[in-house]
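Structure, as structure tokens:
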Amino acid sequence: MIERELIARMQAGDFEAFSELIDAHKDKIYALVHRLVGNKENAEDIIQETFLKAIDNIGQFRGESSFGTWIYAIALNLSRAYFAKQKQADLLPIDSYLPTSDESNDGHSQLFDWQDPHRMLETKELRETINRALDSLPYKYREAFLLRYYNELSVKEIAELSGQSEASAKSRILRARLALRDYLSKAFEGGYGK
Amino acid sequence: MANKCADYIKDLNDYLDGTLDLGLCHEIEEHVGHCQNCRIMINTMKQTVILCRNGIEEKLPDTLESKLKNVLRARWEEHFKKK
């Protein structure tokens, strides 16, 4: 059934239509929130609160955005509130992640080429390294990166959800990706040397 | 560090995501053809996304899912009863 029909049924009080709408998003939103807050217990609380808030505010959903975007906005507001009292460091400027040698590679330091991390690290160790890398990002960068590359939202959607301009959302996504690359590179370089 | 690497770094996400202007794509490809560090940078940036994406896959725990259905149904009935 198409989303518009489900929304109409949901707004008329049909719980099954609401269930069907959240079923389409629940796993992806749970995984996002879990990675954002970093632990299962808090993620479960936020997910429950997200759907309860959706019910309480169902009359306010006007269909101007998709149901998915609306649910994401609720989940993100709750996740941000979780971090609101924590001081978040900023990332380095984009230029800091540049390679340090020039085009001719004339003896200056070289970037470390990972080859295939799956061959070098056990799956569990690799997953833990990736989780640590994601946890190392300040919240706003982790959120932008995950929305773009895990939840596959467009830059425009991410900008709307974060109340930023598209240029700012793009910059956050790039800086997050560069910082993660840098973190993983250092982790793998150490691992390969073992 | 070459100036060109600095010129291109801000465009790398768009380049990797396939949303960059074609002319700039050609410029980057030409540069990468003879800049090993930028080649490594691009390959490892690609891998960063793949690794993070694969490392996250998970679904709502079954225990939470069954609990949620009951909690949400109760709130739903309460909400619509009030109306």
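Please note that chains go A, B, ... in the order of the structure tokens, that every chain numbers its residues from 1, and that ligands are numbered from 1 in the order shown.
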Excluding Gly55 in chain B and residues on its chain fewer than 2 positions from it, collect all residues at most 8 Å away from it, counting only C-alpha atoms, and give them as a VMD selection string.
(chain A and resid 127 130 to 131) or (chain B and resid 51 to 53 57)
In chain B, what's alpha helix (DSSP H) per DSSP? Answer as a PyMOL selection string?
chain B and resi 3-9+12-16+22-33+36-56+62-82
Return as JSON lines the residues of chain B lying at most 6 Å from chain A, together with the closest atom-to-atom pair for each and the distance in Å to one decimal, counting only C-alpha atoms, with rows in chain order and ascending residue number.
{"residue": "B:Met1", "atom": "CA", "partner": "A:Asp102", "partner_atom": "CA", "distance": 4.3}
{"residue": "B:Ala2", "atom": "CA", "partner": "A:Asp102", "partner_atom": "CA", "distance": 4.7}
{"residue": "B:Cys35", "atom": "CA", "partner": "A:Glu103", "partner_atom": "CA", "distance": 4.5}
{"residue": "B:Asn37", "atom": "CA", "partner": "A:Leu111", "partner_atom": "CA", "distance": 5.6}
{"residue": "B:Ile40", "atom": "CA", "partner": "A:Asp113", "partner_atom": "CA", "distance": 5.8}
{"residue": "B:Met45", "atom": "CA", "partner": "A:Arg181", "partner_atom": "CA", "distance": 5.9}
{"residue": "B:Thr48", "atom": "CA", "partner": "A:Arg181", "partner_atom": "CA", "distance": 5.7}
{"residue": "B:Arg53", "atom": "CA", "partner": "A:Tyr150", "partner_atom": "CA", "distance": 5.5}
{"residue": "B:Gly55", "atom": "CA", "partner": "A:Arg127", "partner_atom": "CA", "distance": 5.5}
{"residue": "B:Glu58", "atom": "CA", "partner": "A:Ala31", "partner_atom": "CA", "distance": 5.9}
{"residue": "B:Lys59", "atom": "CA", "partner": "A:Asp27", "partner_atom": "CA", "distance": 4.5}
{"residue": "B:Leu60", "atom": "CA", "partner": "A:Asp27", "partner_atom": "CA", "distance": 5.1}
Quick check, in Å to one decimal: how far apart do CA of Asn43 in chain B and CA of Ile56 in chain B lie?
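These atoms are spaced 20.5 Å apart.
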Between B:Lys67, B:Trp76, B:Tyr8, B:Thr44, which one has atoms that come closest to His26 in chain B, using only C-alpha atoms?
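Of B:Lys67, B:Trp76, B:Tyr8, B:Thr44, the one nearest His26 in chain B is B:Tyr8, counting only C-alpha atoms.
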